[in-house]
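structure_8.cif (mmCIF, C-alpha atoms)
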```cif
data_coords
#
loop_
_atom_site.label_atom_id
_atom_site.label_comp_id
_atom_site.auth_asym_id
_atom_site.auth_seq_id
_atom_site.Cartn_x
_atom_site.Cartn_y
_atom_site.Cartn_z
CA MET I 1 -76.32 -135.19 6.11
CA ALA I 2 -78.34 -137.25 3.61
CA SER I 3 -78.08 -134.41 1.08
CA GLU I 4 -74.28 -134.58 1.32
CA TYR I 5 -74.36 -138.24 0.28
CA VAL I 6 -76.82 -137.52 -2.51
CA ASP I 7 -74.45 -134.89 -3.91
CA LYS I 8 -71.48 -137.24 -3.67
CA ALA I 9 -73.41 -140.09 -5.30
CA ARG I 10 -74.38 -137.76 -8.16
CA VAL I 11 -70.68 -137.22 -8.94
CA PHE I 12 -69.82 -140.91 -8.79
CA LYS I 13 -72.85 -141.79 -10.92
CA ALA I 14 -71.34 -139.68 -13.70
CA PHE I 15 -68.42 -142.12 -13.93
CA CYS I 16 -70.25 -145.43 -13.76
CA ASP I 17 -71.49 -145.85 -17.31
CA GLU I 18 -69.57 -146.89 -20.42
CA ASN I 19 -71.15 -144.21 -22.62
CA ARG I 20 -70.44 -141.46 -20.10
CA LEU I 21 -66.81 -142.55 -19.89
CA ARG I 22 -66.60 -142.38 -23.68
CA ILE I 23 -68.10 -138.90 -23.63
CA LEU I 24 -65.63 -137.74 -20.98
CA GLU I 25 -62.76 -139.19 -23.01
CA ARG I 26 -63.79 -137.11 -26.02
CA LEU I 27 -64.23 -133.97 -23.92
CA ARG I 28 -60.69 -134.26 -22.56
CA SER I 29 -59.41 -132.74 -25.81
CA GLY I 30 -61.75 -129.75 -25.49
CA GLU I 31 -65.27 -128.57 -26.09
CA LYS I 32 -67.44 -130.71 -28.38
CA CYS I 33 -70.76 -130.02 -30.01
CA ALA I 34 -73.52 -132.52 -29.30
CA CYS I 35 -73.63 -133.26 -33.03
CA VAL I 36 -69.99 -134.40 -32.92
CA LEU I 37 -70.63 -136.60 -29.90
CA LEU I 38 -73.63 -138.15 -31.64
CA ASP I 39 -71.52 -139.00 -34.69
CA ASP I 40 -68.57 -140.30 -32.67
CA LEU I 41 -70.59 -142.45 -30.27
CA HIS I 42 -73.28 -143.74 -32.66
CA ILE I 43 -76.04 -143.22 -30.11
CA SER I 44 -79.45 -141.58 -30.40
CA GLN I 45 -80.19 -137.97 -29.50
CA SER I 46 -82.30 -139.07 -26.53
CA THR I 47 -79.53 -141.35 -25.23
CA LEU I 48 -76.98 -138.55 -25.49
CA SER I 49 -79.36 -136.15 -23.72
CA HIS I 50 -79.84 -138.63 -20.89
CA HIS I 51 -76.09 -139.04 -20.38
CA MET I 52 -75.35 -135.34 -20.71
CA LYS I 53 -77.97 -134.51 -18.07
CA ILE I 54 -76.26 -136.87 -15.62
CA LEU I 55 -72.81 -135.46 -16.45
CA CYS I 56 -74.00 -131.85 -16.15
CA ASP I 57 -75.94 -132.53 -12.93
CA SER I 58 -72.74 -133.95 -11.44
CA GLY I 59 -70.94 -130.67 -12.13
CA VAL I 60 -68.16 -132.43 -14.04
CA VAL I 61 -69.44 -131.22 -17.43
CA GLN I 62 -70.92 -127.90 -18.49
CA GLY I 63 -73.01 -127.07 -21.52
CA ARG I 64 -73.14 -123.94 -23.64
CA LYS I 65 -76.06 -123.44 -26.02
CA GLU I 66 -75.24 -122.15 -29.48
CA GLY I 67 -78.14 -122.06 -31.89
CA LYS I 68 -79.96 -125.38 -31.79
CA TRP I 69 -76.91 -127.29 -30.51
CA VAL I 70 -75.25 -127.51 -27.12
CA HIS I 71 -71.48 -127.51 -26.85
CA TYR I 72 -70.12 -129.49 -23.91
CA SER I 73 -66.85 -129.27 -22.03
CA ILE I 74 -65.32 -130.52 -18.82
CA ASP I 75 -65.87 -128.02 -16.03
CA PRO I 76 -62.46 -127.52 -14.34
CA GLU I 77 -63.99 -126.80 -10.91
CA GLY I 78 -66.35 -129.77 -11.13
CA ALA I 79 -63.53 -132.04 -12.25
CA GLU I 80 -61.34 -130.90 -9.35
CA TYR I 81 -64.21 -131.50 -6.93
CA ALA I 82 -64.59 -135.04 -8.31
CA VAL I 83 -60.86 -135.70 -7.86
CA GLN I 84 -60.92 -134.43 -4.28
CA LEU I 85 -64.07 -136.41 -3.53
CA LEU I 86 -62.49 -139.63 -4.78
CA LYS I 87 -59.34 -138.97 -2.76
CA GLN I 88 -61.46 -138.32 0.31
CA GLN I 89 -63.38 -141.57 -0.13
CA ILE I 90 -60.32 -143.79 -0.55
CA THR I 91 -57.92 -142.16 1.92
CA ARG I 92 -57.55 -143.99 5.21
CA GLY I 93 -59.09 -142.38 8.29
CA ASN I 94 -57.27 -140.96 11.26
CA GLN I 95 -55.31 -143.20 13.66
CA SER I 96 -58.03 -143.40 16.33
CA GLU I 97 -60.46 -144.73 13.74
CA LEU I 98 -57.91 -147.25 12.54
CA THR I 99 -57.06 -148.68 15.96
CA GLN I 100 -60.59 -149.22 17.21
CA SER I 101 -61.72 -152.80 17.06
CA CYS I 102 -65.37 -153.55 16.62
CA CYS I 103 -65.07 -156.81 18.53
CA SER I 104 -62.78 -155.86 21.45
CA ASP I 105 -65.63 -155.05 23.88
CA LYS I 106 -67.69 -158.08 22.86
CA GLU I 107 -64.99 -160.59 23.78
CA LYS I 108 -64.89 -159.56 27.46
#
```

What's the structure tokens form of this structure?
Amino acid sequence: MASEYVDKARVFKAFCDENRLRILERLRSGEKCACVLLDDLHISQSTLSHHMKILCDSGVVQGRKEGKWVHYSIDPEGAEYAVQLLKQQITRGNQSELTQSCCSDKEK
């Protein structure tokens, strides 16, 4: 059970940083070489590597090595999983969960 939450947290972690959101915005138009992302974002190679590791570990982004550079793109399956995960987390529970009161037994 704990592993399930670790996996879910890994996906949400991908979206909770300003630089990673900028990276995802650029990848929405298609695959980008790391060199392009470096130029666009004005960040260091090590900073980009850190963020790309988090994005790739989440499954939302995939990398493809070509020569000395890595080309990144949004992974359609990982992106769909992230969408479904968010929906699952914010959708109300079933009726029996909604009608239970935490304090009803304590008042008697």

Picked residues, the PyMOL selection byres ((chain I and resi 26-35) around 6), expected as a list in words: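 For this structure, the PyMOL selection byres ((chain I and resi 26-35) around 6) resolves to Ile23, Leu24, Glu25, Val36, Leu37, Leu38, Val70, His71, Tyr72 and Ser73 of chain I.
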
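In this structure, CA of Gly63 (chain I) sits 17.9 Å away from CA of Leu41 (chain I).
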
When the PyMOL selection byres ((chain I and resi 78-84) around 8) is applied to the structure above, which residues does it catch, written out as a compact mmCIF listing (two decimals) with C-alpha atoms, in the frame of the given file?
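The new file result.txt reads:
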```txt
# COMPACT_ATOMS: atom_id res chain seq x y z
CA VAL I 11 -70.68 -137.22 -8.94
CA PHE I 12 -69.82 -140.91 -8.79
CA SER I 58 -72.74 -133.95 -11.44
CA GLY I 59 -70.94 -130.67 -12.13
CA VAL I 60 -68.16 -132.43 -14.04
CA VAL I 61 -69.44 -131.22 -17.43
CA ILE I 74 -65.32 -130.52 -18.82
CA ASP I 75 -65.87 -128.02 -16.03
CA PRO I 76 -62.46 -127.52 -14.34
CA GLU I 77 -63.99 -126.80 -10.91
CA LEU I 85 -64.07 -136.41 -3.53
CA LEU I 86 -62.49 -139.63 -4.78
CA LYS I 87 -59.34 -138.97 -2.76
CA GLN I 88 -61.46 -138.32 0.31
```

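Of the listed residues (I:Cys103, I:His42, I:Trp69, I:Asp57), I:Asp57 comes nearest to Val6 (chain I); the distances count only C-alpha atoms.
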
Give me, please, the distance in Å between CA of Leu55 (chain I) and CA of Ala14 (chain I), quoted to one decimal. 5.2 Å

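One distance worth recording is that between CA of Thr91 (chain I) and CA of Glu4 (chain I), which is 18.0 Å.
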
Pick out the closest residue to Ile54 (chain I) from this set: I:Arg20, I:Lys8, I:Lys68, I:Arg92. Count only C-alpha atoms.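 Checking each candidate against Ile54 (chain I), we get I:Arg20 as the closest.
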
To test the calculation: enclose all listed atoms of region 14-17 of chain I in a box whose edges run along x, y and z, add 4 Å on each side, then state centre and edge lengths in Å to one decimal, as AutoDock Vina command-line options.
```
--center_x -70.0 --center_y -142.8 --center_z -15.5 --size_x 11.1 --size_y 14.2 --size_z 11.6
```
